[in-house]
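K.L.:
What follows is the file query.txt, containing compact mmCIF, C-alpha atoms and all ligand atoms:
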```txt
# COMPACT_ATOMS: atom_id res chain seq x y z
CA MET A 1 21.14 32.62 -28.13
CA SER A 2 20.60 34.28 -31.48
CA ARG A 3 19.45 37.88 -31.51
CA HIS A 4 18.22 37.51 -35.08
CA HIS A 5 14.91 35.64 -34.65
CA SER A 6 12.42 37.18 -37.00
CA PRO A 7 9.05 38.10 -35.42
CA ALA A 8 7.41 35.48 -37.65
CA ALA A 9 9.30 32.71 -35.82
CA TRP A 10 7.83 33.50 -32.40
CA PRO A 11 4.45 31.80 -32.85
CA LEU A 12 6.22 28.55 -33.81
CA LEU A 13 8.49 28.84 -30.81
CA LEU A 14 5.49 29.35 -28.51
CA VAL A 15 3.76 26.27 -29.92
CA ALA A 16 6.92 24.24 -29.36
CA VAL A 17 7.18 25.45 -25.75
CA ALA A 18 3.49 24.68 -25.14
CA LEU A 19 3.84 21.14 -26.52
CA PHE A 20 6.90 20.56 -24.38
CA ALA A 21 5.05 21.74 -21.28
CA LEU A 22 2.08 19.48 -22.07
CA GLY A 23 4.40 16.52 -22.42
CA CYS A 24 5.99 17.20 -19.05
CA ASN A 25 2.68 17.66 -17.27
CA SER A 26 0.91 14.62 -18.63
CA SER A 27 0.72 11.60 -16.36
CA THR A 28 2.56 9.45 -18.88
CA ASP A 29 5.93 11.11 -18.59
CA ASP A 30 6.07 12.86 -15.23
CA PRO A 31 9.78 12.80 -14.38
CA ASP A 32 9.09 12.96 -10.64
CA THR A 33 7.13 9.74 -10.21
CA THR A 34 7.59 6.22 -11.46
CA ASN A 35 5.92 5.07 -14.67
CA SER A 36 4.98 1.85 -12.90
CA LYS A 37 1.39 2.16 -11.70
CA LEU A 38 0.86 -0.30 -8.84
CA ALA A 39 -2.51 -1.83 -8.05
CA VAL A 40 -3.20 -3.92 -4.96
CA SER A 41 -4.74 -6.89 -6.76
CA ALA A 42 -5.63 -9.19 -3.85
CA PHE A 43 -5.58 -9.87 -0.14
CA GLY A 44 -5.24 -13.43 1.13
CA PRO A 45 -7.35 -14.10 3.10
CA SER A 46 -9.64 -11.52 1.52
CA GLU A 47 -10.85 -10.21 4.91
CA ALA A 48 -9.16 -9.70 8.28
CA CYS A 49 -10.99 -11.77 10.90
CA VAL A 50 -10.12 -10.57 14.42
CA ASP A 51 -10.57 -13.12 17.23
CA TRP A 52 -11.72 -10.51 19.74
CA ASP A 53 -11.97 -12.71 22.85
CA GLY A 54 -8.61 -14.43 22.37
CA THR A 55 -7.67 -17.84 23.70
CA GLU A 56 -7.42 -18.78 27.37
CA ILE A 57 -3.93 -19.92 28.28
CA ASP A 58 -2.08 -21.49 31.21
CA THR A 59 0.81 -19.08 31.72
CA ASN A 60 2.38 -20.69 34.82
CA GLY A 61 1.95 -24.35 33.89
CA ASP A 62 -0.24 -25.31 36.86
CA GLY A 63 -2.91 -26.80 34.64
CA THR A 64 -5.48 -24.02 34.92
CA PHE A 65 -6.19 -21.16 32.58
CA ASP A 66 -5.04 -17.85 34.05
CA GLY A 67 -4.55 -15.57 31.05
CA VAL A 68 -5.67 -14.70 27.55
CA ALA A 69 -3.53 -14.71 24.42
CA TYR A 70 -4.46 -12.70 21.35
CA THR A 71 -3.52 -13.52 17.78
CA GLY A 72 -3.25 -10.74 15.21
CA THR A 73 -4.25 -11.10 11.60
CA THR A 74 -1.77 -11.59 8.80
CA GLN A 75 -2.70 -11.19 5.15
CA VAL A 76 -0.71 -11.61 1.96
CA VAL A 77 -1.00 -8.47 -0.16
CA SER A 78 -0.49 -8.92 -3.92
CA PHE A 79 0.53 -6.17 -6.34
CA GLN A 80 0.26 -5.76 -10.11
CA SER A 81 2.45 -3.31 -12.01
CA THR A 82 1.19 -1.63 -15.17
CA VAL A 83 3.85 0.50 -16.84
CA ARG A 84 2.78 3.52 -18.85
CA GLY A 85 4.90 5.55 -21.23
CA SER A 86 7.25 4.78 -24.06
CA ASP A 87 9.43 1.98 -22.68
CA PRO A 88 7.13 -0.38 -20.78
CA ASN A 89 9.52 -3.23 -20.10
CA SER A 90 12.54 -1.20 -19.05
CA PRO A 91 14.07 -2.52 -15.82
CA TRP A 92 14.14 1.10 -14.67
CA ASN A 93 10.43 0.59 -14.00
CA ASP A 94 11.04 -2.24 -11.51
CA VAL A 95 9.77 -1.13 -8.10
CA VAL A 96 10.77 -2.01 -4.56
CA LEU A 97 8.31 -1.10 -1.79
CA THR A 98 9.98 -0.55 1.58
CA GLU A 99 7.38 0.94 3.89
CA CYS A 100 3.76 0.26 4.84
CA GLU A 101 1.39 2.56 6.70
CA ILE A 102 -1.82 1.07 8.05
CA SER A 103 -4.83 3.01 9.27
CA TYR A 104 -8.22 1.80 10.45
CA LYS A 105 -11.76 3.06 9.91
CA MET A 106 -14.25 1.45 12.26
CA ASP A 107 -17.94 1.47 11.36
CA PHE A 108 -18.65 2.31 15.04
CA GLY A 109 -16.31 3.17 17.88
CA PHE A 110 -12.68 4.15 18.10
CA PRO A 111 -10.09 2.74 15.70
CA PRO A 112 -6.66 1.47 16.77
CA PRO A 113 -3.86 3.98 16.12
CA PRO A 114 -2.18 3.94 12.69
CA ARG A 115 0.99 1.89 12.34
CA ARG A 116 4.01 2.34 10.09
CA PHE A 117 6.67 -0.32 9.53
CA GLY A 118 9.19 -1.59 7.01
CA VAL A 119 8.43 -4.14 4.31
CA GLN A 120 10.46 -5.55 1.45
CA VAL A 121 8.70 -6.47 -1.80
CA ALA A 122 9.96 -6.28 -5.38
CA ILE A 123 7.51 -5.77 -8.26
CA PRO A 124 9.10 -6.03 -11.72
CA ALA A 125 7.88 -3.79 -14.54
CA ASN A 126 4.49 -5.13 -15.70
CA GLY A 127 4.90 -7.97 -13.19
CA THR A 128 3.55 -9.00 -9.82
CA GLY A 129 4.78 -9.22 -6.25
CA SER A 130 3.39 -10.07 -2.84
CA VAL A 131 4.22 -9.59 0.82
CA GLY A 132 2.76 -10.81 4.12
CA VAL A 133 1.57 -7.99 6.39
CA THR A 134 0.31 -8.01 9.97
CA THR A 135 -2.92 -6.14 9.31
CA VAL A 136 -4.11 -6.23 12.95
CA ASP A 137 -1.58 -6.07 15.79
CA PRO A 138 -2.47 -8.55 18.57
CA ASN A 139 -1.72 -5.86 21.17
CA ASP A 140 -4.55 -3.71 19.76
CA ILE A 141 -7.23 -6.39 20.11
CA PRO A 142 -8.23 -6.16 23.83
CA ALA A 143 -8.51 -2.36 23.75
CA PHE A 144 -10.18 -1.76 20.39
CA PHE A 145 -12.17 -4.80 19.27
CA GLY A 146 -15.32 -6.41 20.63
CA PRO A 147 -18.20 -8.57 19.46
CA GLY A 148 -19.71 -7.44 16.17
CA ASP A 149 -17.16 -4.71 15.45
CA GLN A 150 -16.43 -4.15 11.79
CA GLY A 151 -14.36 -1.72 9.80
CA THR A 152 -11.94 -1.16 6.98
CA ILE A 153 -8.15 -1.47 7.01
CA VAL A 154 -6.37 0.94 4.65
CA LEU A 155 -2.80 0.14 3.59
CA ASN A 156 -0.49 2.67 1.95
CA PHE A 157 2.81 1.36 0.59
CA TYR A 158 5.82 3.50 -0.28
CA GLY A 159 8.98 2.77 -2.23
CA GLN A 160 10.75 3.69 -5.44
CA ASP A 161 11.61 2.37 -8.85
CA ALA A 162 15.10 1.49 -10.11
CA GLY A 163 15.55 5.06 -11.30
CA GLY A 164 14.88 6.45 -7.83
CA HIS A 165 11.41 7.81 -8.60
CA PRO A 166 8.85 7.51 -5.77
CA ALA A 167 6.28 4.72 -6.09
CA THR A 168 3.13 4.12 -4.05
CA ALA A 169 0.33 1.60 -3.81
CA THR A 170 -2.91 1.70 -1.85
CA GLY A 171 -5.32 -1.05 -0.91
CA SER A 172 -8.02 -1.76 1.60
CA THR A 173 -9.55 -4.83 3.16
CA ARG A 174 -12.57 -5.42 5.37
CA LEU A 175 -12.16 -6.15 9.07
CA LEU A 176 -14.65 -8.25 10.98
CA THR A 177 -14.70 -9.80 14.44
CA ALA A 178 -15.58 -13.26 15.72
CA THR A 179 -14.93 -15.52 18.69
CA GLU A 180 -13.26 -18.00 16.35
CA CYS A 181 -11.34 -17.17 13.20
CA LYS A 182 -10.05 -19.69 10.69
CA CA A 201 -11.67 -16.83 20.64
```
As structure tokens, please, write out the structure in this file.
Ligand SMILES: [Ca+2]
P.N.:
Amino acid sequence: MSRHHSPAAWPLLLVAVALFALGCNSSTDDPDTTNSKLAVSAFGPSEACVDWDGTEIDTNGDGTFDGVAYTGTTQVVSFQSTVRGSDPNSPWNDVVLTECEISYKMDFGFPPPPRRFGVQVAIPANGTGSVGVTTVDPNDIPAFFGPGDQGTIVLNFYGQDAGGHPATATGSTRLLTATECK
């Protein structure tokens, strides 16, 4: 480091440092997160229909119904990547999501507990991806869902891009209940 900077050079140096700091702090070039912004673009089906009363079943094969089976809801979640920054199509911006956390907000009454589980979905830079997710666990239905219940299912996905930077995506879908779901 030179000891011979003239005082007149300091203002220029300060401007350079300030510009550098701005560049680091802007959302376009944050080195700690991926440049691939992930949107949840669709749910298929668009809503989670919970068959709250289940289906009567014959568990012991004697020809009469003696139990109830519940079917959870599965939805395909689609993602869209939009890469920001200077090198939009770099494969370093390809993302793999590996974890999903689901929480529930019921309009009335108690929600089922949150769930966290592994997923595997690749979303190329500026591309799309999709994954099937069990949005309502069948084991939660008898305890938490009844006629007319409605709510919102919130899904948080976690993963990283090819450069190891954390990546996230968040989406939500409506939950409704019925005695018959398609
Ligand atoms: Ca039913």
K.L.:
What do you get as a CSV table (one decimal) with C-alpha atoms, in the coordinates of the input if you pick all residues at most 6 Å from ligand CA 201 (chain A), counting only C-alpha atoms and all ligand atoms?
P.N.:
```
chain,number,residue,atom,x,y,z
A,51,ASP,CA,-10.6,-13.1,17.2
A,53,ASP,CA,-12.0,-12.7,22.8
A,54,GLY,CA,-8.6,-14.4,22.4
A,55,THR,CA,-7.7,-17.8,23.7
A,179,THR,CA,-14.9,-15.5,18.7
A,180,GLU,CA,-13.3,-18.0,16.4
```
K.L.:
Let me make sure I understand: among A:Thr152, A:Thr71, A:Ser86, A:Ser130, which one has the smallest atom-to-atom distance to A:Val40 if we use only C-alpha atoms?
P.N.:
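For A:Val40, the nearest of the candidates is A:Ser130.
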K.L.:
From (8.4, -6.9, 1.3), in the file's coordinates, out to 7 Å: which residues are reached, counting all atoms listed in the file? Answer as a list in words.
P.N.:
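Using all atoms listed in the file, the matching residues come out as Leu97, Thr98, Val119, Gln120, Val121, Ala122 and Val131 of chain A.
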K.L.:
Which polymer residues, whether protein, DNA or RNA, lie within 7 Å of the coordinate (2.0, -8.4, -4.9) when you count all atoms listed in the file? List them as a PyMOL selection string, using the chain letters and numbers from the file.
P.N.:
chain A and resi 40+77-80+123+128-131
K.L.:
Quick one, how far is atom CA of A:Pro45 from atom CA of A:Phe145?
P.N.:
19.3 Å
K.L.:
Would you pick out the contacts of stretch 132-134 of chain A at 10 Å or less, using only C-alpha atoms, so that residues sharing its chain but fewer than 6 positions from it are not included, and give the list as a ChimeraX atom specification?
P.N.:
/A:43-44,48,72-78,100,102,117-121,155
K.L.:
Let me make sure I understand: among A:Asp161, A:Cys49, A:Ile141, A:Thr34, which one has the smallest atom-to-atom distance to A:Lys182 if we use all atoms listed in the file?
P.N.:
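Using all atoms listed in the file, A:Lys182 sits closest to A:Cys49.
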K.L.:
Could you give me stretch 81-95 of chain A completed to N, CA and C atoms, formatted as a PDB file, in the frame of the given file?
P.N.:
```pdb
ATOM      1  N   SER A  81       1.877  -4.505 -11.377  1.00  0.00           N
ATOM      2  CA  SER A  81       2.450  -3.310 -12.010  1.00  0.00           C
ATOM      3  C   SER A  81       1.934  -3.180 -13.438  1.00  0.00           C
ATOM      4  N   THR A  82       1.522  -1.965 -13.789  1.00  0.00           N
ATOM      5  CA  THR A  82       1.190  -1.630 -15.170  1.00  0.00           C
ATOM      6  C   THR A  82       2.013  -0.411 -15.544  1.00  0.00           C
ATOM      7  N   VAL A  83       2.946  -0.595 -16.488  1.00  0.00           N
ATOM      8  CA  VAL A  83       3.850   0.500 -16.840  1.00  0.00           C
ATOM      9  C   VAL A  83       3.262   1.295 -17.991  1.00  0.00           C
ATOM     10  N   ARG A  84       3.238   2.608 -17.810  1.00  0.00           N
ATOM     11  CA  ARG A  84       2.780   3.520 -18.850  1.00  0.00           C
ATOM     12  C   ARG A  84       4.000   4.183 -19.457  1.00  0.00           C
ATOM     13  N   GLY A  85       3.803   4.826 -20.602  1.00  0.00           N
ATOM     14  CA  GLY A  85       4.900   5.550 -21.230  1.00  0.00           C
ATOM     15  C   GLY A  85       5.550   4.750 -22.341  1.00  0.00           C
ATOM     16  N   SER A  86       6.704   5.221 -22.782  1.00  0.00           N
ATOM     17  CA  SER A  86       7.250   4.780 -24.060  1.00  0.00           C
ATOM     18  C   SER A  86       8.065   3.497 -23.966  1.00  0.00           C
ATOM     19  N   ASP A  87       8.509   3.111 -22.777  1.00  0.00           N
ATOM     20  CA  ASP A  87       9.430   1.980 -22.680  1.00  0.00           C
ATOM     21  C   ASP A  87       8.956   1.026 -21.592  1.00  0.00           C
ATOM     22  N   PRO A  88       7.840   0.313 -21.862  1.00  0.00           N
ATOM     23  CA  PRO A  88       7.130  -0.380 -20.780  1.00  0.00           C
ATOM     24  C   PRO A  88       7.940  -1.448 -20.066  1.00  0.00           C
ATOM     25  N   ASN A  89       8.851  -2.114 -20.756  1.00  0.00           N
ATOM     26  CA  ASN A  89       9.520  -3.230 -20.100  1.00  0.00           C
ATOM     27  C   ASN A  89      10.913  -2.887 -19.583  1.00  0.00           C
ATOM     28  N   SER A  90      11.227  -1.608 -19.559  1.00  0.00           N
ATOM     29  CA  SER A  90      12.540  -1.200 -19.050  1.00  0.00           C
ATOM     30  C   SER A  90      12.694  -1.592 -17.582  1.00  0.00           C
ATOM     31  N   PRO A  91      13.855  -2.185 -17.235  1.00  0.00           N
ATOM     32  CA  PRO A  91      14.070  -2.520 -15.820  1.00  0.00           C
ATOM     33  C   PRO A  91      14.106  -1.307 -14.906  1.00  0.00           C
ATOM     34  N   TRP A  92      14.208  -0.109 -15.490  1.00  0.00           N
ATOM     35  CA  TRP A  92      14.140   1.100 -14.670  1.00  0.00           C
ATOM     36  C   TRP A  92      12.768   1.269 -14.044  1.00  0.00           C
ATOM     37  N   ASN A  93      11.771   0.528 -14.560  1.00  0.00           N
ATOM     38  CA  ASN A  93      10.430   0.590 -14.000  1.00  0.00           C
ATOM     39  C   ASN A  93      10.161  -0.498 -12.961  1.00  0.00           C
ATOM     40  N   ASP A  94      11.181  -1.291 -12.632  1.00  0.00           N
ATOM     41  CA  ASP A  94      11.040  -2.240 -11.510  1.00  0.00           C
ATOM     42  C   ASP A  94      10.929  -1.437 -10.215  1.00  0.00           C
ATOM     43  N   VAL A  95      10.029  -1.880  -9.345  1.00  0.00           N
ATOM     44  CA  VAL A  95       9.770  -1.130  -8.100  1.00  0.00           C
ATOM     45  C   VAL A  95      10.095  -2.005  -6.890  1.00  0.00           C
TER      46      VAL A  95
END
```
